[in-house]
file structure.cif (mmCIF, N, CA and C atoms)
data_query
loop_
_atom_site.label_atom_id
_atom_site.label_comp_id
_atom_site.auth_asym_id
_atom_site.auth_seq_id
_atom_site.Cartn_x
_atom_site.Cartn_y
_atom_site.Cartn_z
N MET A 193 11.54 -9.92 23.29
CA MET A 193 11.55 -9.01 22.16
C MET A 193 10.16 -9.01 21.50
N LYS A 194 9.67 -7.84 21.21
CA LYS A 194 8.35 -7.68 20.62
C LYS A 194 8.38 -8.12 19.15
N LYS A 195 7.38 -8.93 18.75
CA LYS A 195 7.28 -9.35 17.36
C LYS A 195 6.93 -8.15 16.49
N GLN A 196 7.57 -8.08 15.35
CA GLN A 196 7.26 -7.02 14.40
C GLN A 196 6.15 -7.49 13.48
N LEU A 197 5.09 -6.73 13.41
CA LEU A 197 3.97 -7.07 12.53
C LEU A 197 4.23 -6.51 11.13
N PRO A 198 3.70 -7.18 10.10
CA PRO A 198 3.79 -6.60 8.77
C PRO A 198 3.06 -5.26 8.75
N THR A 199 3.62 -4.31 8.03
CA THR A 199 3.00 -3.00 7.90
C THR A 199 2.43 -2.85 6.50
N VAL A 200 1.15 -2.51 6.44
CA VAL A 200 0.49 -2.20 5.18
C VAL A 200 0.24 -0.69 5.20
N LEU A 201 0.84 0.00 4.25
CA LEU A 201 0.61 1.43 4.12
C LEU A 201 -0.36 1.64 2.96
N VAL A 202 -1.45 2.34 3.24
CA VAL A 202 -2.48 2.58 2.25
C VAL A 202 -2.49 4.07 1.92
N ALA A 203 -2.26 4.40 0.65
CA ALA A 203 -2.32 5.78 0.18
C ALA A 203 -3.65 5.97 -0.53
N GLU A 204 -4.58 6.60 0.17
CA GLU A 204 -5.95 6.74 -0.32
C GLU A 204 -6.52 8.07 0.16
N ASP A 205 -7.01 8.89 -0.76
CA ASP A 205 -7.51 10.21 -0.38
C ASP A 205 -8.98 10.21 0.04
N ASP A 206 -9.74 9.21 -0.34
CA ASP A 206 -11.17 9.18 -0.05
C ASP A 206 -11.41 8.59 1.35
N ALA A 207 -12.02 9.38 2.23
CA ALA A 207 -12.24 8.94 3.62
C ALA A 207 -13.14 7.70 3.69
N ASP A 208 -14.15 7.62 2.84
CA ASP A 208 -15.04 6.45 2.84
C ASP A 208 -14.27 5.19 2.42
N ASP A 209 -13.42 5.33 1.39
CA ASP A 209 -12.62 4.18 0.95
C ASP A 209 -11.64 3.76 2.04
N ARG A 210 -11.04 4.73 2.74
CA ARG A 210 -10.13 4.38 3.85
C ARG A 210 -10.87 3.58 4.91
N LEU A 211 -12.07 3.99 5.26
CA LEU A 211 -12.85 3.28 6.26
C LEU A 211 -13.19 1.87 5.79
N LEU A 212 -13.62 1.73 4.54
CA LEU A 212 -13.93 0.39 4.01
C LEU A 212 -12.70 -0.50 4.00
N ILE A 213 -11.57 0.04 3.59
CA ILE A 213 -10.33 -0.74 3.55
C ILE A 213 -9.94 -1.16 4.96
N ARG A 214 -10.01 -0.23 5.91
CA ARG A 214 -9.70 -0.57 7.32
C ARG A 214 -10.62 -1.70 7.80
N ASN A 215 -11.91 -1.57 7.54
CA ASN A 215 -12.87 -2.59 7.97
C ASN A 215 -12.60 -3.94 7.31
N ALA A 216 -12.21 -3.93 6.04
CA ALA A 216 -11.92 -5.19 5.35
C ALA A 216 -10.69 -5.87 5.96
N PHE A 217 -9.67 -5.10 6.27
CA PHE A 217 -8.50 -5.70 6.92
C PHE A 217 -8.87 -6.23 8.31
N GLU A 218 -9.68 -5.49 9.06
CA GLU A 218 -10.11 -5.95 10.38
C GLU A 218 -10.98 -7.19 10.27
N GLU A 219 -11.78 -7.29 9.24
CA GLU A 219 -12.65 -8.46 9.02
C GLU A 219 -11.80 -9.73 8.87
N ASN A 220 -10.66 -9.59 8.23
CA ASN A 220 -9.78 -10.74 8.03
C ASN A 220 -8.99 -11.10 9.28
N ALA A 221 -8.89 -10.19 10.22
CA ALA A 221 -8.34 -10.44 11.55
C ALA A 221 -6.89 -10.91 11.57
N ARG A 222 -6.12 -10.62 10.54
CA ARG A 222 -4.69 -10.95 10.56
C ARG A 222 -3.98 -9.84 11.35
N PRO A 223 -3.10 -10.22 12.26
CA PRO A 223 -2.38 -9.18 12.99
C PRO A 223 -1.41 -8.46 12.05
N LEU A 224 -1.63 -7.17 11.90
CA LEU A 224 -0.72 -6.35 11.11
C LEU A 224 -0.83 -4.91 11.53
N ASN A 225 0.09 -4.13 11.04
CA ASN A 225 0.15 -2.71 11.34
C ASN A 225 -0.38 -1.98 10.12
N LEU A 226 -1.60 -1.46 10.19
CA LEU A 226 -2.25 -0.80 9.06
C LEU A 226 -2.11 0.71 9.23
N ARG A 227 -1.53 1.35 8.21
CA ARG A 227 -1.31 2.80 8.23
C ARG A 227 -1.93 3.43 7.00
N PHE A 228 -2.36 4.69 7.14
CA PHE A 228 -2.97 5.41 6.04
C PHE A 228 -2.32 6.78 5.86
N VAL A 229 -2.20 7.19 4.61
CA VAL A 229 -1.88 8.57 4.25
C VAL A 229 -2.92 8.98 3.21
N ASN A 230 -3.22 10.29 3.16
CA ASN A 230 -4.32 10.70 2.29
C ASN A 230 -3.92 11.54 1.09
N ASP A 231 -2.62 11.73 0.86
CA ASP A 231 -2.20 12.39 -0.38
C ASP A 231 -0.75 12.04 -0.68
N GLY A 232 -0.31 12.42 -1.87
CA GLY A 232 1.03 12.07 -2.31
C GLY A 232 2.13 12.66 -1.47
N ASN A 233 1.96 13.90 -1.02
CA ASN A 233 2.99 14.52 -0.19
C ASN A 233 3.14 13.80 1.15
N ALA A 234 2.03 13.42 1.75
CA ALA A 234 2.09 12.68 3.01
C ALA A 234 2.75 11.32 2.80
N LEU A 235 2.47 10.69 1.67
CA LEU A 235 3.09 9.40 1.37
C LEU A 235 4.60 9.55 1.23
N LEU A 236 5.04 10.54 0.48
CA LEU A 236 6.48 10.74 0.31
C LEU A 236 7.15 11.10 1.63
N ALA A 237 6.49 11.92 2.44
CA ALA A 237 7.04 12.26 3.75
C ALA A 237 7.20 11.02 4.62
N TYR A 238 6.18 10.17 4.61
CA TYR A 238 6.24 8.92 5.38
C TYR A 238 7.39 8.06 4.88
N LEU A 239 7.46 7.84 3.57
CA LEU A 239 8.45 6.93 3.01
C LEU A 239 9.88 7.46 3.10
N ARG A 240 10.02 8.75 3.02
CA ARG A 240 11.37 9.34 3.07
C ARG A 240 11.78 9.70 4.48
N ASN A 241 10.96 9.32 5.44
CA ASN A 241 11.29 9.48 6.84
C ASN A 241 11.46 10.94 7.23
N LYS A 242 10.67 11.81 6.62
CA LYS A 242 10.72 13.23 6.99
C LYS A 242 10.21 13.36 8.42
N ASN A 243 10.83 14.20 9.16
CA ASN A 243 10.46 14.47 10.56
C ASN A 243 10.47 13.21 11.41
N ARG A 244 11.31 12.23 11.03
CA ARG A 244 11.50 11.00 11.79
C ARG A 244 10.20 10.25 12.07
N ILE A 245 9.33 10.17 11.08
CA ILE A 245 8.05 9.49 11.29
C ILE A 245 8.11 8.00 11.01
N PHE A 246 9.30 7.49 10.68
CA PHE A 246 9.48 6.06 10.43
C PHE A 246 9.72 5.31 11.72
N ARG A 247 10.10 4.12 11.60
CA ARG A 247 10.59 3.19 12.58
C ARG A 247 9.54 2.77 13.59
N ASP A 248 9.68 3.10 14.86
CA ASP A 248 8.77 2.54 15.86
C ASP A 248 7.32 2.98 15.65
N GLU A 249 7.10 4.27 15.47
CA GLU A 249 5.73 4.75 15.31
C GLU A 249 5.17 4.45 13.93
N ASN A 250 5.98 4.61 12.92
CA ASN A 250 5.55 4.38 11.54
C ASN A 250 6.63 3.62 10.79
N PRO A 251 6.64 2.30 10.92
CA PRO A 251 7.70 1.51 10.30
C PRO A 251 7.62 1.47 8.78
N ARG A 252 8.73 1.09 8.19
CA ARG A 252 8.78 0.93 6.74
C ARG A 252 7.72 -0.08 6.32
N PRO A 253 6.93 0.24 5.29
CA PRO A 253 5.86 -0.67 4.91
C PRO A 253 6.37 -1.97 4.30
N SER A 254 5.68 -3.05 4.63
CA SER A 254 5.93 -4.34 3.99
C SER A 254 5.35 -4.32 2.59
N ILE A 255 4.17 -3.70 2.44
CA ILE A 255 3.56 -3.46 1.13
C ILE A 255 2.88 -2.10 1.15
N LEU A 256 2.72 -1.54 -0.04
CA LEU A 256 2.05 -0.25 -0.22
C LEU A 256 0.86 -0.46 -1.15
N LEU A 257 -0.32 -0.03 -0.71
CA LEU A 257 -1.50 0.01 -1.57
C LEU A 257 -1.67 1.45 -2.01
N LEU A 258 -1.61 1.69 -3.30
CA LEU A 258 -1.56 3.04 -3.85
C LEU A 258 -2.75 3.31 -4.77
N ASP A 259 -3.53 4.33 -4.41
CA ASP A 259 -4.59 4.80 -5.30
C ASP A 259 -3.97 5.72 -6.34
N LEU A 260 -4.33 5.57 -7.59
CA LEU A 260 -3.78 6.44 -8.63
C LEU A 260 -4.40 7.83 -8.61
N ASN A 261 -5.66 7.92 -8.23
CA ASN A 261 -6.38 9.20 -8.28
C ASN A 261 -6.32 9.92 -6.95
N MET A 262 -5.11 10.24 -6.55
CA MET A 262 -4.85 10.93 -5.29
C MET A 262 -4.28 12.31 -5.60
N PRO A 263 -4.51 13.28 -4.74
CA PRO A 263 -3.94 14.60 -4.99
C PRO A 263 -2.51 14.76 -4.44
N ASP A 264 -1.86 15.76 -4.95
CA ASP A 264 -0.63 16.34 -4.37
C ASP A 264 0.56 15.43 -4.18
N PRO A 265 1.25 14.92 -5.08
CA PRO A 265 0.91 14.63 -6.47
C PRO A 265 0.11 13.34 -6.56
N ASP A 266 -0.40 13.07 -7.75
CA ASP A 266 -1.25 11.89 -7.92
C ASP A 266 -0.43 10.60 -7.87
N GLY A 267 -1.13 9.48 -7.79
CA GLY A 267 -0.48 8.18 -7.64
C GLY A 267 0.40 7.80 -8.81
N ARG A 268 0.10 8.30 -9.99
CA ARG A 268 0.93 7.98 -11.16
C ARG A 268 2.32 8.56 -11.01
N LEU A 269 2.39 9.83 -10.60
CA LEU A 269 3.69 10.47 -10.38
C LEU A 269 4.42 9.83 -9.20
N ILE A 270 3.68 9.52 -8.15
CA ILE A 270 4.27 8.87 -6.98
C ILE A 270 4.89 7.53 -7.38
N LEU A 271 4.16 6.74 -8.15
CA LEU A 271 4.66 5.43 -8.56
C LEU A 271 5.97 5.57 -9.32
N ARG A 272 6.03 6.48 -10.27
CA ARG A 272 7.28 6.68 -11.03
C ARG A 272 8.41 7.12 -10.12
N GLU A 273 8.09 8.00 -9.18
CA GLU A 273 9.12 8.49 -8.26
C GLU A 273 9.62 7.38 -7.33
N LEU A 274 8.70 6.60 -6.79
CA LEU A 274 9.09 5.50 -5.90
C LEU A 274 9.98 4.50 -6.60
N LYS A 275 9.59 4.11 -7.80
CA LYS A 275 10.32 3.06 -8.51
C LYS A 275 11.64 3.55 -9.10
N SER A 276 11.89 4.87 -9.07
CA SER A 276 13.18 5.38 -9.51
C SER A 276 14.09 5.73 -8.33
N ASP A 277 13.60 5.56 -7.11
CA ASP A 277 14.37 5.87 -5.90
C ASP A 277 15.01 4.60 -5.36
N PRO A 278 16.34 4.53 -5.31
CA PRO A 278 17.01 3.31 -4.85
C PRO A 278 16.62 2.87 -3.44
N GLU A 279 16.22 3.79 -2.59
CA GLU A 279 15.83 3.46 -1.22
C GLU A 279 14.41 2.93 -1.12
N LEU A 280 13.57 3.24 -2.09
CA LEU A 280 12.15 2.92 -1.99
C LEU A 280 11.65 1.93 -3.03
N LYS A 281 12.42 1.71 -4.08
CA LYS A 281 11.91 0.92 -5.20
C LYS A 281 11.64 -0.54 -4.85
N ASN A 282 12.22 -1.03 -3.75
CA ASN A 282 12.00 -2.43 -3.41
C ASN A 282 10.77 -2.65 -2.52
N ILE A 283 10.03 -1.60 -2.20
CA ILE A 283 8.78 -1.77 -1.45
C ILE A 283 7.73 -2.30 -2.42
N PRO A 284 7.18 -3.49 -2.17
CA PRO A 284 6.14 -4.00 -3.06
C PRO A 284 4.96 -3.03 -3.11
N THR A 285 4.65 -2.59 -4.32
CA THR A 285 3.63 -1.56 -4.52
C THR A 285 2.49 -2.14 -5.33
N LEU A 286 1.30 -2.05 -4.76
CA LEU A 286 0.09 -2.55 -5.40
C LEU A 286 -0.80 -1.37 -5.71
N VAL A 287 -1.07 -1.14 -6.99
CA VAL A 287 -2.05 -0.12 -7.34
C VAL A 287 -3.41 -0.68 -6.98
N PHE A 288 -4.17 0.11 -6.25
CA PHE A 288 -5.51 -0.28 -5.81
C PHE A 288 -6.42 0.90 -6.14
N THR A 289 -7.08 0.83 -7.28
CA THR A 289 -7.72 2.03 -7.80
C THR A 289 -8.97 1.70 -8.60
N GLY A 290 -9.76 2.72 -8.84
CA GLY A 290 -10.93 2.58 -9.69
C GLY A 290 -10.62 2.86 -11.15
N ALA A 291 -9.44 3.41 -11.43
CA ALA A 291 -9.02 3.74 -12.80
C ALA A 291 -8.43 2.50 -13.45
N THR A 292 -9.26 1.75 -14.17
CA THR A 292 -8.79 0.44 -14.66
C THR A 292 -8.86 0.31 -16.18
N THR A 293 -8.58 1.37 -16.89
CA THR A 293 -8.54 1.24 -18.34
C THR A 293 -7.31 0.43 -18.73
N PRO A 294 -7.34 -0.23 -19.88
CA PRO A 294 -6.15 -0.98 -20.32
C PRO A 294 -4.90 -0.11 -20.39
N ASP A 295 -5.04 1.14 -20.84
CA ASP A 295 -3.88 2.04 -20.89
C ASP A 295 -3.34 2.33 -19.48
N GLU A 296 -4.25 2.50 -18.52
CA GLU A 296 -3.83 2.79 -17.14
C GLU A 296 -3.09 1.59 -16.56
N VAL A 297 -3.59 0.40 -16.80
CA VAL A 297 -2.94 -0.82 -16.32
C VAL A 297 -1.54 -0.94 -16.93
N LEU A 298 -1.43 -0.74 -18.23
CA LEU A 298 -0.15 -0.84 -18.91
C LEU A 298 0.84 0.18 -18.38
N ARG A 299 0.40 1.44 -18.23
CA ARG A 299 1.29 2.49 -17.70
C ARG A 299 1.78 2.15 -16.29
N ALA A 300 0.90 1.61 -15.47
CA ALA A 300 1.30 1.26 -14.10
C ALA A 300 2.39 0.19 -14.12
N TYR A 301 2.20 -0.85 -14.92
CA TYR A 301 3.22 -1.90 -14.98
C TYR A 301 4.51 -1.38 -15.60
N GLN A 302 4.41 -0.52 -16.59
CA GLN A 302 5.61 0.08 -17.17
C GLN A 302 6.35 0.94 -16.15
N SER A 303 5.63 1.49 -15.18
CA SER A 303 6.25 2.30 -14.14
C SER A 303 6.81 1.47 -12.99
N GLY A 304 6.56 0.16 -13.01
CA GLY A 304 7.17 -0.71 -12.01
C GLY A 304 6.27 -1.23 -10.92
N VAL A 305 4.95 -1.06 -11.07
CA VAL A 305 4.05 -1.58 -10.05
C VAL A 305 4.19 -3.10 -9.96
N ASN A 306 3.99 -3.65 -8.78
CA ASN A 306 4.08 -5.09 -8.59
C ASN A 306 2.76 -5.80 -8.81
N SER A 307 1.66 -5.08 -8.68
CA SER A 307 0.34 -5.66 -8.90
C SER A 307 -0.65 -4.53 -9.13
N PHE A 308 -1.67 -4.79 -9.93
CA PHE A 308 -2.70 -3.80 -10.23
C PHE A 308 -4.04 -4.44 -9.90
N ILE A 309 -4.77 -3.82 -8.96
CA ILE A 309 -6.03 -4.38 -8.49
C ILE A 309 -7.12 -3.32 -8.63
N ALA A 310 -8.21 -3.69 -9.28
CA ALA A 310 -9.35 -2.78 -9.40
C ALA A 310 -10.15 -2.79 -8.11
N LYS A 311 -10.57 -1.61 -7.68
CA LYS A 311 -11.43 -1.53 -6.50
C LYS A 311 -12.74 -2.24 -6.80
N PRO A 312 -13.20 -3.05 -5.87
CA PRO A 312 -14.44 -3.81 -6.11
C PRO A 312 -15.68 -2.96 -5.89
N ASN A 313 -16.82 -3.55 -6.23
CA ASN A 313 -18.11 -2.86 -6.10
C ASN A 313 -18.83 -3.16 -4.80
N SER A 314 -18.34 -4.11 -4.02
CA SER A 314 -19.03 -4.44 -2.78
C SER A 314 -18.01 -4.68 -1.66
N PHE A 315 -18.49 -4.55 -0.44
CA PHE A 315 -17.62 -4.80 0.71
C PHE A 315 -17.20 -6.26 0.77
N ALA A 316 -18.10 -7.17 0.44
CA ALA A 316 -17.76 -8.60 0.45
C ALA A 316 -16.61 -8.88 -0.50
N GLU A 317 -16.65 -8.28 -1.70
CA GLU A 317 -15.55 -8.45 -2.65
C GLU A 317 -14.26 -7.84 -2.11
N LEU A 318 -14.36 -6.70 -1.43
CA LEU A 318 -13.18 -6.05 -0.84
C LEU A 318 -12.54 -6.95 0.21
N VAL A 319 -13.35 -7.57 1.04
CA VAL A 319 -12.83 -8.49 2.05
C VAL A 319 -12.09 -9.65 1.38
N THR A 320 -12.65 -10.18 0.31
CA THR A 320 -12.01 -11.27 -0.42
C THR A 320 -10.68 -10.82 -1.03
N ILE A 321 -10.65 -9.63 -1.60
CA ILE A 321 -9.41 -9.09 -2.18
C ILE A 321 -8.36 -8.90 -1.10
N VAL A 322 -8.74 -8.32 0.02
CA VAL A 322 -7.79 -8.09 1.12
C VAL A 322 -7.24 -9.42 1.62
N LYS A 323 -8.10 -10.41 1.75
CA LYS A 323 -7.64 -11.74 2.18
C LYS A 323 -6.62 -12.30 1.19
N GLY A 324 -6.88 -12.12 -0.10
CA GLY A 324 -5.94 -12.58 -1.13
C GLY A 324 -4.62 -11.83 -1.07
N ILE A 325 -4.69 -10.51 -0.87
CA ILE A 325 -3.47 -9.71 -0.74
C ILE A 325 -2.65 -10.21 0.45
N GLU A 326 -3.29 -10.35 1.58
CA GLU A 326 -2.59 -10.82 2.79
C GLU A 326 -1.97 -12.19 2.56
N HIS A 327 -2.72 -13.11 1.99
CA HIS A 327 -2.21 -14.46 1.78
C HIS A 327 -1.02 -14.45 0.83
N TYR A 328 -1.17 -13.77 -0.30
CA TYR A 328 -0.10 -13.77 -1.28
C TYR A 328 1.17 -13.09 -0.76
N TRP A 329 1.01 -11.86 -0.23
CA TRP A 329 2.20 -11.09 0.13
C TRP A 329 2.81 -11.51 1.47
N PHE A 330 2.03 -12.04 2.39
CA PHE A 330 2.58 -12.37 3.71
C PHE A 330 2.77 -13.86 3.96
N ASP A 331 2.09 -14.71 3.21
CA ASP A 331 2.25 -16.16 3.39
C ASP A 331 3.09 -16.79 2.28
N LEU A 332 2.87 -16.39 1.05
CA LEU A 332 3.51 -17.05 -0.08
C LEU A 332 4.77 -16.34 -0.57
N SER A 333 4.78 -15.03 -0.57
CA SER A 333 5.88 -14.28 -1.15
C SER A 333 6.99 -14.01 -0.15
N GLU A 334 8.18 -13.91 -0.68
CA GLU A 334 9.31 -13.41 0.09
C GLU A 334 9.48 -11.95 -0.32
N ILE A 335 9.42 -11.06 0.65
CA ILE A 335 9.56 -9.64 0.37
C ILE A 335 10.67 -9.06 1.24
N PRO A 336 11.32 -7.98 0.78
CA PRO A 336 12.39 -7.39 1.57
C PRO A 336 11.92 -6.98 2.97
N GLY A 337 12.68 -7.33 3.97
CA GLY A 337 12.36 -6.96 5.33
C GLY A 337 11.13 -7.62 5.89
N LYS A 338 10.75 -8.77 5.35
CA LYS A 338 9.53 -9.46 5.79
C LYS A 338 9.64 -9.84 7.26
N PRO A 339 8.70 -9.34 8.08
CA PRO A 339 8.72 -9.72 9.50
C PRO A 339 8.41 -11.21 9.66
N THR A 340 9.02 -11.79 10.67
CA THR A 340 8.69 -13.18 11.00
C THR A 340 7.63 -13.17 12.08
N LEU A 341 6.58 -13.92 11.87
CA LEU A 341 5.46 -13.93 12.83
C LEU A 341 5.55 -15.13 13.74
#

call {"tool": "encode", "arguments": {"input": "structure.cif", "output": "structure tokens"}}
result
Amino acid sequence: MKKQLPTVLVAEDDADDRLLIRNAFEENARPLNLRFVNDGNALLAYLRNKNRIFRDENPRPSILLLDLNMPDPDGRLILRELKSDPELKNIPTLVFTGATTPDEVLRAYQSGVNSFIAKPNSFAELVTIVKGIEHYWFDLSEIPGKPTL
């Protein structure tokens, strides 16, 4: 039987940020299934299994990294929608964004986010953050549907 890898779904509209995030995960070399969507509609389609894009090709995410400043709809609306949906609210959701005002942080937690992380200013910092995310969510935490490695 094939081992199931943890799936990290990244909702990020900026192509440069997607590339940096991919490279940071690859730098850490943990075996996982890294997936990207570039807007809110694509994220909802993925999560709601529209057109059967879940399971083998696109499994349910172990964690979701969500940018707030995404189009169609933005991450703020997506977060509220996810956390009010009984099928999706248990997916650990980490806001990963450049919008880090105190009001933005408070609104995200009030909407049910599990963690709020500011995008760093350097690739080295990004690698450190990704390593911390991987360690916390895949080594220390118990999450719904956590794959056994």

call {"tool": "atom_distance", "arguments": {"input": "structure.cif", "atom1": "CA of Leu280 (chain A)", "atom2": "CA of Gly304 (chain A)"}}
result
11.8 Å

call {"tool": "closest_residue", "arguments": {"input": "structure.cif", "among": "A:Leu211, A:Ala216, A:Leu235, A:Ala310", "to": "Val297 (chain A)", "atoms": "only C-alpha atoms"}}
result
A:Ala310

call {"tool": "select_by_dssp", "arguments": {"input": "structure.cif", "residues": "region 214-295 of chain A", "states": "alpha helix (DSSP H)", "output": "list in words"}}
result
Arg214, Asn215, Ala216, Phe217, Glu218, Glu219, Asn220, Gly232, Asn233, Ala234, Leu235, Leu236, Ala237, Tyr238, Leu239, Gly267, Arg268, Leu269, Ile270, Leu271, Arg272, Glu273, Leu274, Lys275, Ser276, Pro294 and Asp295 of chain A

call {"tool": "closest_residue", "arguments": {"input": "structure.cif", "among": "A:Glu317, A:Glu219, A:Asp264, A:Asp259", "to": "Gly290 (chain A)", "atoms": "only C-alpha atoms"}}
result
A:Asp259

call {"tool": "residues_around", "arguments": {"input": "structure.cif", "residues": "Asp208 (chain A)", "least_positions_apart": "5", "cutoff": "12 Å", "atoms": "only C-alpha atoms", "output": "PyMOL selection string"}}
result
chain A and resi 213-215+230+315

call {"tool": "residues_around", "arguments": {"input": "structure.cif", "residues": "Val305 (chain A)", "least_positions_apart": "6", "cutoff": "8 Å", "atoms": "only C-alpha atoms", "output": "mmCIF file with N, CA and C atoms, in the frame of the given file"}}
result
data_model
loop_
_atom_site.group_PDB
_atom_site.id
_atom_site.type_symbol
_atom_site.label_atom_id
_atom_site.label_comp_id
_atom_site.auth_asym_id
_atom_site.auth_seq_id
_atom_site.Cartn_x
_atom_site.Cartn_y
_atom_site.Cartn_z
ATOM 1 N N LEU A 271 4.160 6.740 -8.150
ATOM 2 C CA LEU A 271 4.660 5.430 -8.560
ATOM 3 C C LEU A 271 5.970 5.570 -9.320
ATOM 4 N N LYS A 275 9.590 4.110 -7.800
ATOM 5 C CA LYS A 275 10.320 3.060 -8.510
ATOM 6 C C LYS A 275 11.640 3.550 -9.100
ATOM 7 N N PRO A 284 7.180 -3.490 -2.170
ATOM 8 C CA PRO A 284 6.140 -4.000 -3.060
ATOM 9 C C PRO A 284 4.960 -3.030 -3.110
ATOM 10 N N THR A 285 4.650 -2.590 -4.320
ATOM 11 C CA THR A 285 3.630 -1.560 -4.520
ATOM 12 C C THR A 285 2.490 -2.140 -5.330
ATOM 13 N N LEU A 286 1.300 -2.050 -4.760
ATOM 14 C CA LEU A 286 0.090 -2.550 -5.400
ATOM 15 C C LEU A 286 -0.800 -1.370 -5.710
ATOM 16 N N VAL A 287 -1.070 -1.140 -6.990
ATOM 17 C CA VAL A 287 -2.050 -0.120 -7.340
ATOM 18 C C VAL A 287 -3.410 -0.680 -6.980
#

call {"tool": "resolve_selection", "arguments": {"input": "structure.cif", "expression": "the PyMOL selection byres (((chain A and resi 195-204 and name CA) around 6) and name CA)", "output": "MDAnalysis selection string"}}
result
chainID A and resid 194 205:206 224:230 253:259 339

call {"tool": "atom_distance", "arguments": {"input": "structure.cif", "atom1": "CA of Gly232 (chain A)", "atom2": "CA of Thr293 (chain A)"}}
result
21.6 Å

call {"tool": "axis_aligned_box", "arguments": {"input": "structure.cif", "around": "region 279-285 of chain A", "padding_each_side": "5 Å", "output": "AutoDock Vina command-line options"}}
result
--center_x 9.4 --center_y -0.1 --center_z -3.2 --size_x 23.7 --size_y 17.8 --size_z 14.2

call {"tool": "atom_distance", "arguments": {"input": "structure.cif", "atom1": "CA of Asn220 (chain A)", "atom2": "CA of Arg252 (chain A)"}}
result
22.0 Å

call {"tool": "select_by_dssp", "arguments": {"input": "structure.cif", "residues": "region 209-302 of chain A", "states": "strand (DSSP E)", "output": "list of chain:residue names"}}
result
A:Asn225, A:Leu226, A:Arg227, A:Phe228, A:Val229, A:Ile255, A:Leu256, A:Leu257, A:Leu258, A:Thr285, A:Leu286, A:Val287, A:Phe288, A:Thr289

call {"tool": "closest_residue", "arguments": {"input": "structure.cif", "among": "A:Asn313, A:Arg240, A:Pro223, A:Asp209", "to": "Phe330 (chain A)", "atoms": "only C-alpha atoms"}}
result
A:Pro223

call {"tool": "closest_residue", "arguments": {"input": "structure.cif", "among": "A:Leu332, A:Gly337, A:Met262, A:Lys323", "to": "Phe217 (chain A)", "atoms": "only C-alpha atoms"}}
result
A:Lys323

call {"tool": "closest_residue", "arguments": {"input": "structure.cif", "among": "A:Val319, A:Asn282, A:Leu260, A:Asn233", "to": "Leu212 (chain A)", "atoms": "only N, CA and C atoms"}}
result
A:Val319

call {"tool": "closest_residue", "arguments": {"input": "structure.cif", "among": "A:Ile309, A:Ala221, A:Ala234, A:Leu274", "to": "Ala291 (chain A)", "atoms": "only C-alpha atoms"}}
result
A:Ile309
